[in-house]
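Trainee: Below is protein_29.pdb; it holds PDB, C-alpha atoms.
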ATOM      1  CA  MET K   1      14.562 -46.372  68.396
ATOM      2  CA  GLN K   2      11.535 -44.411  67.247
ATOM      3  CA  ALA K   3      11.634 -40.734  66.358
ATOM      4  CA  GLY K   4       9.844 -38.510  68.842
ATOM      5  CA  PRO K   5       7.104 -35.936  68.094
ATOM      6  CA  GLN K   6       9.649 -33.085  67.886
ATOM      7  CA  HIS K   7      11.473 -34.828  65.023
ATOM      8  CA  ALA K   8       8.175 -35.308  63.121
ATOM      9  CA  ILE K   9       7.305 -31.614  63.466
ATOM     10  CA  ARG K  10      10.735 -30.561  62.177
ATOM     11  CA  SER K  11      10.379 -32.927  59.170
ATOM     12  CA  ARG K  12       7.020 -31.401  58.247
ATOM     13  CA  GLN K  13       8.445 -27.895  58.494
ATOM     14  CA  ARG K  14      11.364 -28.704  56.196
ATOM     15  CA  ARG K  15       8.992 -29.876  53.459
ATOM     16  CA  GLY K  16       7.429 -26.389  53.039
ATOM     17  CA  PHE K  17       8.807 -23.215  51.425
ATOM     18  CA  THR K  18       9.210 -19.899  53.157
ATOM     19  CA  LEU K  19       7.706 -16.721  51.729
ATOM     20  CA  MET K  20      11.212 -15.447  51.009
ATOM     21  CA  GLU K  21      12.054 -18.571  48.976
ATOM     22  CA  MET K  22       8.804 -18.217  46.985
ATOM     23  CA  LEU K  23       9.533 -14.561  46.217
ATOM     24  CA  LEU K  24      13.076 -15.413  45.163
ATOM     25  CA  VAL K  25      11.866 -18.102  42.725
ATOM     26  CA  LEU K  26       9.206 -15.725  41.382
ATOM     27  CA  GLY K  27      11.843 -13.026  40.870
ATOM     28  CA  VAL K  28      14.089 -15.420  38.932
ATOM     29  CA  LEU K  29      11.153 -16.434  36.709
ATOM     30  CA  VAL K  30      10.270 -12.785  35.976
ATOM     31  CA  VAL K  31      13.889 -11.983  35.025
ATOM     32  CA  ALA K  32      14.083 -15.077  32.789
ATOM     33  CA  LEU K  33      10.800 -14.152  31.083
ATOM     34  CA  ALA K  34      11.984 -10.561  30.528
ATOM     35  CA  MET K  35      15.105 -11.922  28.803
ATOM     36  CA  VAL K  36      13.212 -14.400  26.607
ATOM     37  CA  TYR K  37      10.203 -12.211  25.706
ATOM     38  CA  PRO K  38      11.907 -10.032  23.023
ATOM     39  CA  ALA K  39      13.208 -13.139  21.260
ATOM     40  CA  LEU K  40       9.732 -14.699  21.323
ATOM     41  CA  MET K  41       8.237 -11.484  19.909
ATOM     42  CA  ARG K  42      10.842 -11.408  17.109
ATOM     43  CA  LEU K  43      10.055 -15.030  16.306
ATOM     44  CA  ALA K  44       6.312 -14.299  16.139
ATOM     45  CA  GLN K  45       6.882 -11.291  13.853
ATOM     46  CA  ASP K  46       9.190 -13.315  11.602
ATOM     47  CA  GLN K  47       6.514 -16.009  11.407
ATOM     48  CA  ASN K  48       4.009 -13.355  10.287
ATOM     49  CA  LEU K  49       6.326 -12.282   7.478
ATOM     50  CA  LEU K  50       6.968 -15.894   6.447
ATOM     51  CA  HIS K  51       3.226 -16.565   6.372
ATOM     52  CA  ALA K  52       2.668 -13.453   4.238
ATOM     53  CA  SER K  53       5.481 -14.422   1.863
ATOM     54  CA  GLU K  54       3.979 -17.882   1.288
ATOM     55  CA  MET K  55       0.514 -16.415   0.808
ATOM     56  CA  VAL K  56       1.553 -13.734  -1.708
ATOM     57  CA  GLN K  57       3.960 -15.991  -3.616
ATOM     58  CA  THR K  58       1.241 -18.635  -3.959
ATOM     59  CA  ARG K  59      -1.245 -16.137  -5.421
ATOM     60  CA  LEU K  60       1.270 -14.572  -7.793
ATOM     61  CA  SER K  61       2.211 -18.046  -9.041
ATOM     62  CA  THR K  62      -1.466 -19.015  -9.292
ATOM     63  CA  ALA K  63      -2.147 -15.947 -11.471
ATOM     64  CA  ARG K  64       0.686 -17.016 -13.767
ATOM     65  CA  VAL K  65      -0.559 -20.618 -14.038
ATOM     66  CA  ARG K  66      -4.198 -19.581 -14.563
ATOM     67  CA  ALA K  67      -3.235 -17.122 -17.310
ATOM     68  CA  ALA K  68      -1.577 -19.925 -19.298
ATOM     69  CA  ARG K  69      -4.314 -22.446 -18.532
ATOM     70  CA  ASP K  70      -7.321 -20.185 -19.149
ATOM     71  CA  GLY K  71      -5.809 -18.329 -22.106
ATOM     72  CA  MET K  72      -6.475 -14.913 -20.561
ATOM     73  CA  THR K  73      -4.471 -12.225 -18.810
ATOM     74  CA  TYR K  74      -4.727 -12.125 -15.026
ATOM     75  CA  GLN K  75      -3.759  -9.290 -12.712
ATOM     76  CA  PHE K  76      -2.506  -9.198  -9.147
ATOM     77  CA  ARG K  77      -3.293  -5.964  -7.317
ATOM     78  CA  PHE K  78      -2.710  -4.920  -3.730
ATOM     79  CA  GLU K  79      -3.707  -2.152  -1.368
ATOM     80  CA  PRO K  80      -0.724   0.260  -1.032
ATOM     81  CA  ASN K  81       0.081   0.766   2.674
ATOM     82  CA  GLY K  82      -2.656  -1.756   3.411
ATOM     83  CA  ARG K  83      -3.203  -5.514   3.665
ATOM     84  CA  LYS K  84      -5.666  -6.520   0.946
ATOM     85  CA  PHE K  85      -4.807  -8.145  -2.397
ATOM     86  CA  VAL K  86      -6.720  -9.697  -5.302
ATOM     87  CA  VAL K  87      -6.151 -11.921  -8.315
ATOM     88  CA  ILE K  88      -8.721 -11.176 -11.024
ATOM     89  CA  PRO K  89      -8.949 -11.245 -14.842
ATOM     90  CA  GLU K  90      -7.467  -8.186 -16.515
ATOM     91  CA  ALA K  91     -10.374  -7.663 -18.918
ATOM     92  CA  GLU K  92     -13.706  -6.538 -17.517
ATOM     93  CA  ILE K  93     -16.014  -9.542 -17.432
ATOM     94  CA  GLY K  94     -19.767  -9.434 -17.772
ATOM     95  CA  THR K  95     -20.025  -6.002 -19.421
ATOM     96  CA  ALA K  96     -23.289  -5.127 -21.126
ATOM     97  CA  GLY K  97     -23.975  -7.265 -24.171
ATOM     98  CA  SER K  98     -21.327  -9.906 -23.428
ATOM     99  CA  ALA K  99     -22.227 -13.517 -22.721
ATOM    100  CA  PRO K 100     -21.198 -14.868 -19.303
ATOM    101  CA  GLN K 101     -18.104 -17.030 -19.478
ATOM    102  CA  SER K 102     -18.341 -20.694 -18.573
ATOM    103  CA  PRO K 103     -16.677 -21.688 -16.369
ATOM    104  CA  PRO K 104     -16.244 -18.240 -14.802
ATOM    105  CA  PRO K 105     -12.673 -16.951 -14.607
ATOM    106  CA  TYR K 106     -10.593 -17.369 -11.470
ATOM    107  CA  ARG K 107     -10.892 -14.692  -8.791
ATOM    108  CA  TYR K 108      -9.313 -14.551  -5.346
ATOM    109  CA  SER K 109      -9.132 -11.997  -2.550
ATOM    110  CA  GLY K 110      -7.025 -12.157   0.584
ATOM    111  CA  GLU K 111      -5.320 -10.223   3.350
ATOM    112  CA  ILE K 112      -1.805 -10.456   4.705
ATOM    113  CA  PRO K 113      -1.560 -10.797   8.533
ATOM    114  CA  ALA K 114      -2.186  -7.851  10.856
ATOM    115  CA  GLY K 115       0.890  -5.713  11.506
ATOM    116  CA  LEU K 116       2.120  -6.061   7.890
ATOM    117  CA  GLN K 117       1.648  -3.765   4.880
ATOM    118  CA  PHE K 118       2.333  -3.662   1.166
ATOM    119  CA  ASP K 119       4.893  -1.013   0.247
ATOM    120  CA  PRO K 120       3.477   1.134  -2.597
ATOM    121  CA  GLY K 121       6.874   1.075  -4.367
ATOM    122  CA  GLN K 122       6.717   1.274  -8.148
ATOM    123  CA  TRP K 123       3.030   0.291  -8.199
ATOM    124  CA  THR K 124       1.576   3.535  -6.840
ATOM    125  CA  THR K 125      -0.944   5.436  -8.885
ATOM    126  CA  LYS K 126      -2.026   8.905  -7.817
ATOM    127  CA  GLY K 127      -5.018   8.416  -5.529
ATOM    128  CA  GLY K 128      -5.002   4.671  -6.253
ATOM    129  CA  THR K 129      -7.222   2.874  -8.762
ATOM    130  CA  ARG K 130     -10.852   1.968  -8.142
ATOM    131  CA  LEU K 131     -11.949  -1.084 -10.116
ATOM    132  CA  PRO K 132     -15.401  -1.702 -11.619
ATOM    133  CA  PRO K 133     -17.760  -3.638  -9.295
ATOM    134  CA  ASN K 134     -17.977  -6.587 -11.706
ATOM    135  CA  SER K 135     -14.218  -7.144 -11.263
ATOM    136  CA  PHE K 136     -15.068  -8.835  -7.962
ATOM    137  CA  ASP K 137     -18.062 -10.924  -9.079
ATOM    138  CA  GLY K 138     -18.384 -14.055  -6.966
ATOM    139  CA  LEU K 139     -16.141 -12.856  -4.137
ATOM    140  CA  GLU K 140     -17.756 -12.741  -0.693
ATOM    141  CA  ASP K 141     -16.109  -9.449   0.259
ATOM    142  CA  ALA K 142     -16.859  -7.765  -3.097
ATOM    143  CA  ARG K 143     -18.492  -4.651  -1.625
ATOM    144  CA  PHE K 144     -15.433  -3.953   0.562
ATOM    145  CA  LEU K 145     -13.050  -4.529  -2.347
ATOM    146  CA  GLU K 146     -14.912  -1.991  -4.519
ATOM    147  CA  ALA K 147     -13.970   0.757  -2.036
ATOM    148  CA  VAL K 148     -10.220   0.003  -2.057
ATOM    149  CA  ALA K 149      -7.766   2.263  -3.938
ATOM    150  CA  TRP K 150      -5.662  -0.423  -5.653
ATOM    151  CA  SER K 151      -2.086  -0.464  -6.918
ATOM    152  CA  SER K 152      -1.367  -0.630 -10.607
ATOM    153  CA  PRO K 153      -1.553  -4.257 -11.833
ATOM    154  CA  VAL K 154       1.094  -6.954 -11.915
ATOM    155  CA  LEU K 155       0.058  -8.735 -15.113
ATOM    156  CA  PHE K 156       0.482 -12.364 -16.134
ATOM    157  CA  TYR K 157      -0.136 -13.193 -19.819
ATOM    158  CA  PRO K 158      -1.288 -16.442 -21.478
ATOM    159  CA  ASP K 159       2.120 -16.864 -23.167
ATOM    160  CA  GLY K 160       3.806 -17.239 -19.759
ATOM    161  CA  THR K 161       5.298 -13.750 -19.574
ATOM    162  CA  GLY K 162       4.459 -11.127 -16.971
ATOM    163  CA  THR K 163       5.146  -7.634 -15.707
ATOM    164  CA  ASP K 164       8.722  -7.009 -14.589
ATOM    165  CA  GLY K 165       8.849  -5.648 -11.066
ATOM    166  CA  GLU K 166       9.254  -6.001  -7.341
ATOM    167  CA  LEU K 167       6.693  -6.039  -4.514
ATOM    168  CA  ILE K 168       7.543  -5.490  -0.862
ATOM    169  CA  VAL K 169       5.711  -6.519   2.316
ATOM    170  CA  PHE K 170       7.047  -4.949   5.528
ATOM    171  CA  ASP K 171       6.249  -4.931   9.247
ATOM    172  CA  THR K 172       6.319  -2.402  12.097
ATOM    173  CA  ARG K 173      10.012  -3.178  12.783
ATOM    174  CA  ASN K 174      10.844  -2.243   9.166
ATOM    175  CA  PHE K 175      11.733  -5.834   8.297
ATOM    176  CA  GLU K 176      10.610  -6.884   4.850
ATOM    177  CA  VAL K 177      10.175  -9.603   2.265
ATOM    178  CA  ARG K 178      10.615  -8.804  -1.450
ATOM    179  CA  PHE K 179       8.870 -10.553  -4.343
ATOM    180  CA  THR K 180      10.526 -10.267  -7.744
ATOM    181  CA  VAL K 181       8.524 -10.990 -10.900
ATOM    182  CA  ARG K 182      10.582 -11.649 -14.034
ATOM    183  CA  GLY K 183       8.735 -10.361 -17.069
ATOM    184  CA  LEU K 184      10.337 -12.741 -19.564
ATOM    185  CA  THR K 185       9.209 -15.915 -17.763
ATOM    186  CA  GLY K 186       6.587 -14.641 -15.286
ATOM    187  CA  ALA K 187       8.509 -16.495 -12.555
ATOM    188  CA  VAL K 188       8.235 -15.235  -8.979
ATOM    189  CA  SER K 189      11.101 -15.335  -6.458
ATOM    190  CA  VAL K 190      11.031 -14.361  -2.781
ATOM    191  CA  SER K 191      13.848 -12.869  -0.696
ATOM    192  CA  GLN K 192      14.828 -13.809   2.836
ATOM    193  CA  ILE K 193      13.508 -11.633   5.669
ATOM    194  CA  LYS K 194      15.791  -8.612   6.023
ATOM    195  CA  ARG K 195      15.826  -5.109   7.447
ATOM    196  CA  GLY K 196      14.297  -2.598   5.037
ATOM    197  CA  ALA K 197      15.962   0.500   3.627
ATOM    198  CA  LYS K 198      13.430   2.891   5.186
ATOM    199  CA  LYS K 199      14.519   4.941   8.210
TER     200      LYS K 199
END
Could you take the file, read its structure, and then write that structure out as structure tokens?

Mentor:
Amino acid sequence: MQAGPQHAIRSRQRRGFTLMEMLLVLGVLVVALAMVYPALMRLAQDQNLLHASEMVQTRLSTARVRAARDGMTYQFRFEPNGRKFVVIPEAEIGTAGSAPQSPPPYRYSGEIPAGLQFDPGQWTTKGGTRLPPNSFDGLEDARFLEAVAWSSPVLFYPDGTGTDGELIVFDTRNFEVRFTVRGLTGAVSVSQIKRGAKK
């Protein structure tokens, strides 16, 4: 026995959704998103701090290795309450009357991700330190770096030693990562992400 036209119409109607059902599903999705969103934001901010920790640790370790390899002292400086950092030779290079070095010494400039800052900590100097323009020779952003008020230097010496101290990178939530430099060995260690002491 074949189904009549009324049965076919009812079948088609059952396959659709009512406006009320659509609104209900949409409401459930909005509630679920509102519950998940803070966790996703925390994850993104943690990723920013992890990226910054890898970046800064790599450059601190590079300064240590280059000091031993090149037989010269290198310095790591950062922008207190800012994002910029540099690795450059400690001595001024290319001053009047000196022959250019071949190959030129290692120089690097970088920036930690947006939303993060370097804590001035023990590295603050009153008004910051401006460095001579030739400190940034060969760096693409040299003219911007000349205008930065830098921290005092974290030094790495050719004999493998360095400056004892701790650097801190923090975010808007007051979560932080700490970098500890051991003067005796120049080794750099990095803490886990944790809530900072600031209020």

Trainee: Could you expand the PyMOL selection byres ((chain K and resi 106) around 8) into the explicit residues it covers here, written as a ChimeraX atom specification?

Mentor: /K:66,87-89,104-105,107-108

Trainee: What does the file look like for those residues with C-alpha atoms, as a PDB file, in the frame of the given file?

Mentor:
ATOM      1  CA  ARG K  66      -4.198 -19.581 -14.563  1.00  0.00           C
ATOM      2  CA  VAL K  87      -6.151 -11.921  -8.315  1.00  0.00           C
ATOM      3  CA  ILE K  88      -8.721 -11.176 -11.024  1.00  0.00           C
ATOM      4  CA  PRO K  89      -8.949 -11.245 -14.842  1.00  0.00           C
ATOM      5  CA  PRO K 104     -16.244 -18.240 -14.802  1.00  0.00           C
ATOM      6  CA  PRO K 105     -12.673 -16.951 -14.607  1.00  0.00           C
ATOM      7  CA  ARG K 107     -10.892 -14.692  -8.791  1.00  0.00           C
ATOM      8  CA  TYR K 108      -9.313 -14.551  -5.346  1.00  0.00           C
TER       9      TYR K 108
END

Trainee: In the coordinate frame of the file, compute which residues have an atom within 10 Å of (-15.3, -12.7, -1.4) when using only C-alpha atoms, and state them as a list in words.

Mentor: Val86, Arg107, Tyr108, Ser109, Gly110, Phe136, Asp137, Gly138, Leu139, Glu140, Asp141, Ala142, Arg143, Phe144 and Leu145 of chain K

Trainee: Can you build me a table of segment 141-163 of chain K residues sitting at most 6 Å from segment 178-188 of chain K, with the closest atom pair per residue and its distance in Å to one decimal, using all atoms listed in the file, sorted by chain and residue number, as CSV?

Mentor:
residue,atom,partner,partner_atom,distance
K:Gly160,CA,K:Gly186,CA,5.9
K:Thr161,CA,K:Gly186,CA,4.6
K:Gly162,CA,K:Gly183,CA,4.3
K:Thr163,CA,K:Gly183,CA,4.7

Trainee: Which residue out of K:Ala147, K:Ala32, K:Met55, K:Leu49 has the minimum interatomic distance to Asn174 of chain K when all atoms listed in the file are used?

Mentor: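 Smallest distance to Asn174 of chain K is found for K:Leu49.
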
Trainee: Looking at K:Glu90, K:Glu79, K:Glu146, K:Glu21, which one is nearest to Pro120 of chain K, with distances taken over only C-alpha atoms?

Mentor: K:Glu79

Trainee: Identify, on the basis of only C-alpha atoms, every residue whose closest approach to Gly115 of chain K does not exceed 8 Å; exclude the query and any residue fewer than 2 positions from it along the same chain; express the result as a list of chain:residue names.

Mentor: K:Pro113, K:Gln117, K:Asp171, K:Thr172
